[in-house]
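In what follows, a structure is listed as structure tokens, so that the remarks can point back to it.
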Amino acid sequence: MEHLDTLIIGAGALGLACAARLAGHGRSLLIAEAENRIGSHTSSRNSEVIHAGLYYPPGSLKAELCLEGRERLYAWCARHGVGHRRIGKLLVAVHEDECARLEGLQANAAACGLHELQPLDRDQLRRLEPEVKAVAGLLSPHTGILDSHAYLQSLLAATERQGGQLALATRIERLEPHPDGWLVSGTSAGEPFQILADEVINAAGLDAQALAARIPGLPAAAVPRLHLCQGRYFSYSGRSPFQHLIYPMPEANTAGLGIHATLDLGGQLRFGPDVHYLERLDYSVDKALRAPFAAAIRRYWPGLDADRLVPAYSGVRPKLSGPGEPPADFVIQAPAQHGLVGLINLFGIESPGLTASLAIAERVAAALRQ
């Protein structure tokens with residue numbers, strides 16, 4: 001039976017970042033991906049924003065790993081030729097009664113160690129973005145965008161250069177503790193297989209909880225409930241009027257950041273995501289959403305031509321918080337938490353997971369060393 005040093009389950013940004021970090025040094029490493037291509041779900045269905053790290057509770061994993069991860073990500077993109085741009089983001093208060101929330105966001109960012117936000121008055125905003133309607137704003141100069149697909153490919157290339165391997169169409173069905181590590185059972189291209197691995201990283205994203213629930217000896221309380229949360233996007237046909245990303249104030253008592261305007265590296269303008277909890281996986285985008293999207297966008301862009309809004313794509317977040325619940329933090333679950341040697345579970349790695357992916361990989365490597 002084949003024996004690996006490290007098995008990584010899932011070839012999204014997290015699994016690939018962990019693989020790039022752990023491959024090499026004579027280690028045998030395999031990434032098992034159930035789909036026929038890498039990054040098929042959450043990692044390739046997002047806004048491709050490099051987040052600055054200003055929204056999250058101070059001291060949380062999201063706050064710490066976003067801040068660390070963004071600098072690692074910018075450096076990685078520069079070193080590996082991944083398309084990216086430090087485009088900057090404008091956070092805007094549309095009405096005077098939102099200014100207090102804008103100030104609160106700046107204070108939260110400072111508590112997280114970000115002192116770079118630049119306050120803007122109405123005239124300064126108008127000079128930066130003439131078509132944006134707002135009374136005040138903040139400029140986040142270190143928010144950026146990247147080519148997420150090129151990023152994933154660069155991680156895979158770095159892994160393979162160090163001797164790591166990728167197996168597509170390979171589904172892991174069961175993990176069992178074994179005297180020689182972990183007995184791993186599954187199918188590859190429809191054929192059953194078994195291997196032994198010293199270490200296993202469960203980076204299966206939307207499937208992470210289902211896989212963990214089948215692990216003998218893992219306490220049921222160690223597997224948090226998964227909430228599928230869809231975020232839908234509309235693209236805008238025609239030239240974008242914006243030079244920056246535009247974010248309205250997060251809506252009170254919601255799990256999202258509002259319908260914001262983002263740009264890709266080609267200049268394509270798109271809006272989203274919204275927040276829509278699901279009972280089962282669904283990537284459809286109903287064109288009937290155009291009207292509520294248009295209403296949300298017109299709050300800060302009155303010049304919107306709603307007829308140019310076109311359903312684009314959606315992603316599904318692996319949230320650990322349900323409707324009406326406060327946002328949950330990342331869970332990086334190591335043997336110190338669950339008692340099973342050589343197993344790392346990654347749960348609830350939603351936004352800013354792409355930005356934080358390289359920093360998360362460092363935490364995983366440290367947990368395995370311990």
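Going by the structure tokens order, chains are called A, B, ..., each with residues numbered from 1, while ligands are numbered from 1 in the order shown.
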Running DSSP on the backbone, which parts of range 304-346 of chain A land in alpha helix (DSSP H), as a CSV table (one decimal) with C-alpha atoms, in the first residue's frame?
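Result saved to part04.csv:
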```csv
chain,number,residue,atom,x,y,z
A,335,PRO,CA,-4.5,17.8,17.2
A,336,ALA,CA,-4.3,20.1,20.2
A,337,GLN,CA,-8.0,20.7,19.8
A,338,HIS,CA,-9.4,17.3,18.7
```
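Contact shell of His178 in chain A at 12 Å (only C-alpha atoms; same-chain neighbours under 6 positions omitted): A:His3, A:Val184, A:Ile195, A:Leu196, A:Ala197, A:Asp198, A:Glu199, A:Ile215, A:Pro216, A:Gly217, A:Leu340, A:Val341, A:Gly342.
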Go ahead and dump the residues you just picked, N, CA and C atoms, as an mmCIF file, in the first residue's frame.
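Output (part.cif):
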```cif
data_model
loop_
_atom_site.group_PDB
_atom_site.id
_atom_site.type_symbol
_atom_site.label_atom_id
_atom_site.label_comp_id
_atom_site.auth_asym_id
_atom_site.auth_seq_id
_atom_site.Cartn_x
_atom_site.Cartn_y
_atom_site.Cartn_z
ATOM 1 N N HIS A 3 2.400 4.768 0.783
ATOM 2 C CA HIS A 3 2.491 5.512 2.036
ATOM 3 C C HIS A 3 3.007 6.914 1.734
ATOM 4 N N VAL A 184 -6.559 5.968 4.400
ATOM 5 C CA VAL A 184 -7.398 6.839 3.572
ATOM 6 C C VAL A 184 -8.057 5.988 2.495
ATOM 7 N N ILE A 195 -4.736 4.327 0.675
ATOM 8 C CA ILE A 195 -3.356 4.716 0.914
ATOM 9 C C ILE A 195 -3.182 4.992 2.397
ATOM 10 N N LEU A 196 -1.930 5.047 2.827
ATOM 11 C CA LEU A 196 -1.600 5.466 4.178
ATOM 12 C C LEU A 196 -0.928 6.830 4.108
ATOM 13 N N ALA A 197 -1.227 7.701 5.069
ATOM 14 C CA ALA A 197 -0.609 9.022 5.129
ATOM 15 C C ALA A 197 -0.254 9.346 6.569
ATOM 16 N N ASP A 198 0.928 9.926 6.756
ATOM 17 C CA ASP A 198 1.317 10.352 8.100
ATOM 18 C C ASP A 198 0.489 11.530 8.579
ATOM 19 N N GLU A 199 0.236 12.474 7.663
ATOM 20 C CA GLU A 199 -0.504 13.699 7.991
ATOM 21 C C GLU A 199 -1.612 13.908 6.977
ATOM 22 N N ILE A 215 -15.038 10.620 10.442
ATOM 23 C CA ILE A 215 -13.752 10.213 11.009
ATOM 24 C C ILE A 215 -13.966 9.550 12.370
ATOM 25 N N PRO A 216 -13.628 8.271 12.509
ATOM 26 C CA PRO A 216 -13.771 7.619 13.819
ATOM 27 C C PRO A 216 -12.886 8.301 14.857
ATOM 28 N N GLY A 217 -13.458 8.535 16.023
ATOM 29 C CA GLY A 217 -12.699 9.128 17.110
ATOM 30 C C GLY A 217 -12.729 10.638 17.152
ATOM 31 N N LEU A 340 -6.474 14.020 17.731
ATOM 32 C CA LEU A 340 -6.073 13.017 16.748
ATOM 33 C C LEU A 340 -4.780 13.480 16.067
ATOM 34 N N VAL A 341 -3.716 12.723 16.269
ATOM 35 C CA VAL A 341 -2.395 13.121 15.789
ATOM 36 C C VAL A 341 -2.363 13.149 14.260
ATOM 37 N N GLY A 342 -1.768 14.228 13.723
ATOM 38 C CA GLY A 342 -1.541 14.299 12.284
ATOM 39 C C GLY A 342 -2.720 14.759 11.458
#
```
For this session: For Val364 in chain A, work out the shell of residues within 10 Å, counting only C-alpha atoms and skipping chain neighbours fewer than 6 positions away, then give it as a list of chain:residue names.
Result: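 Answer for this query is A:Cys18, A:Arg21, A:Leu22, A:Ile201, A:Ile332, A:Gln333, A:Ala334, A:Ile344, A:Asn345, A:Leu346, A:Leu358, A:Gln370.
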For this session: Excluding Gly88 in chain A and residues on its chain fewer than 6 positions from it, collect all residues at most 7 Å away from it, counting only C-alpha atoms, and give them as JSON, numbers by chain.
Result: {"A": [139, 140, 141, 142, 143, 144, 244, 245]}
Residues within 8 Å of Ala356 in chain A, please, as a short mmCIF file (atom, residue, chain, number, x, y, z; two decimals) with C-alpha atoms, in the first residue's frame. Count only C-alpha atoms; anything in the same chain fewer than 4 positions from it doesn't count.
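Produced file selection.cif, reproduced below:
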```
data_model
loop_
_atom_site.label_atom_id
_atom_site.label_comp_id
_atom_site.auth_asym_id
_atom_site.auth_seq_id
_atom_site.Cartn_x
_atom_site.Cartn_y
_atom_site.Cartn_z
CA LYS A 62 -9.78 36.60 10.23
CA LEU A 65 -4.48 36.23 8.96
CA CYS A 66 -5.99 38.73 6.52
CA LEU A 67 -3.41 41.37 7.44
CA GLU A 68 -0.53 38.89 7.32
CA GLY A 69 -1.93 37.14 4.28
CA ARG A 70 -2.38 40.22 2.11
CA LEU A 73 -0.11 37.44 -1.28
CA PRO A 352 -11.09 36.72 3.47
CA ILE A 360 -3.31 30.04 6.87
#
```
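In this comparison, which uses only C-alpha atoms, the residue of A:Ala296, A:Cys229, A:Leu265, A:Leu61 approaching Arg280 in chain A most closely is A:Cys229.
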I'd like the contact shell of Leu206 in chain A - 9 Å cut-off, only C-alpha atoms, skipping same-chain residues fewer than 2 positions apart - returned as an mmCIF file with C-alpha atoms, in the first residue's frame.
```cif
data_model
loop_
_atom_site.group_PDB
_atom_site.id
_atom_site.type_symbol
_atom_site.label_atom_id
_atom_site.label_comp_id
_atom_site.auth_asym_id
_atom_site.auth_seq_id
_atom_site.Cartn_x
_atom_site.Cartn_y
_atom_site.Cartn_z
ATOM 1 C CA HIS A 41 -15.962 26.079 -5.989
ATOM 2 C CA THR A 42 -15.333 28.879 -3.481
ATOM 3 C CA ALA A 204 -12.281 20.242 1.432
ATOM 4 C CA ALA A 208 -15.002 19.583 4.984
ATOM 5 C CA GLN A 209 -17.678 18.975 7.627
ATOM 6 C CA ALA A 210 -19.187 15.965 5.874
ATOM 7 C CA LEU A 226 -22.088 24.188 7.907
ATOM 8 C CA LEU A 228 -24.368 27.211 2.732
ATOM 9 C CA VAL A 316 -21.243 29.611 -2.089
ATOM 10 C CA ARG A 317 -19.547 30.441 1.210
ATOM 11 C CA PRO A 318 -18.948 27.679 3.800
ATOM 12 C CA PHE A 347 -13.683 24.848 8.672
ATOM 13 C CA GLY A 348 -15.543 28.019 7.708
#
```
DSSP strand (DSSP E) residues within range 24-143 of chain A, as a short mmCIF file (atom, residue, chain, number, x, y, z; two decimals) with C-alpha atoms, in the first residue's frame:
```cif
data_model
loop_
_atom_site.label_atom_id
_atom_site.label_comp_id
_atom_site.auth_asym_id
_atom_site.auth_seq_id
_atom_site.Cartn_x
_atom_site.Cartn_y
_atom_site.Cartn_z
CA LEU A 29 2.78 14.97 -0.85
CA LEU A 30 -0.47 14.43 -2.71
CA ILE A 31 -3.40 16.79 -3.24
CA ALA A 32 -6.67 14.92 -3.77
CA VAL A 49 -10.32 41.12 -4.07
CA ILE A 50 -7.17 41.25 -1.96
CA HIS A 84 -2.62 41.84 -9.59
CA ARG A 85 -3.14 45.52 -8.91
CA LYS A 89 -11.08 50.78 -2.21
CA LEU A 90 -13.48 53.56 -1.26
CA LEU A 91 -15.79 52.89 1.66
CA VAL A 92 -18.64 55.38 1.45
CA ALA A 93 -21.34 56.79 3.71
CA GLN A 118 -7.58 57.97 4.76
CA PRO A 119 -10.75 59.95 5.65
CA LEU A 120 -12.37 61.76 2.72
CA ASP A 121 -15.01 64.48 2.66
CA ALA A 136 -17.99 60.96 3.46
CA GLY A 137 -15.66 58.08 2.86
CA LEU A 138 -12.48 56.21 3.64
CA LEU A 139 -9.77 55.30 1.16
CA SER A 140 -8.19 51.90 1.74
#
```
Problem set entry | Polymer residues at most 10 Å from Leu14 in chain A, only C-alpha atoms, same-chain spacing of 5 or more positions, as a list in words |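 Listed by chain and then number, they are Ile8, Ile9, Ala19, Ala20, Gly39, Ser43, Leu152, Leu155, Ile201, Asn202, Ala203, Ala204, Gly205, Leu346, Ile349, Gly353, Leu354, Ala356, Ser357, Leu358, Ala359, Ile360 and Ala361 of chain A.
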Seminar exercise, completed: Counting only C-alpha atoms, closest pick from A:Ile38, A:Leu269, A:Leu320, A:Tyr300 relative to Leu166 in chain A is A:Ile38
For this session: Measuring atom to atom with only C-alpha atoms, identify which of A:Pro177, A:Gly83, A:Pro250, A:Gly12 is nearest to Asp147 in chain A.
Result: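 Counting only C-alpha atoms, the residue closest to Asp147 in chain A is A:Gly83.
Closest approach to His149 in chain A from the set A:Ala294, A:Ser47, A:Leu4, A:Pro323 is made by A:Ser47, with distances taken over only C-alpha atoms.
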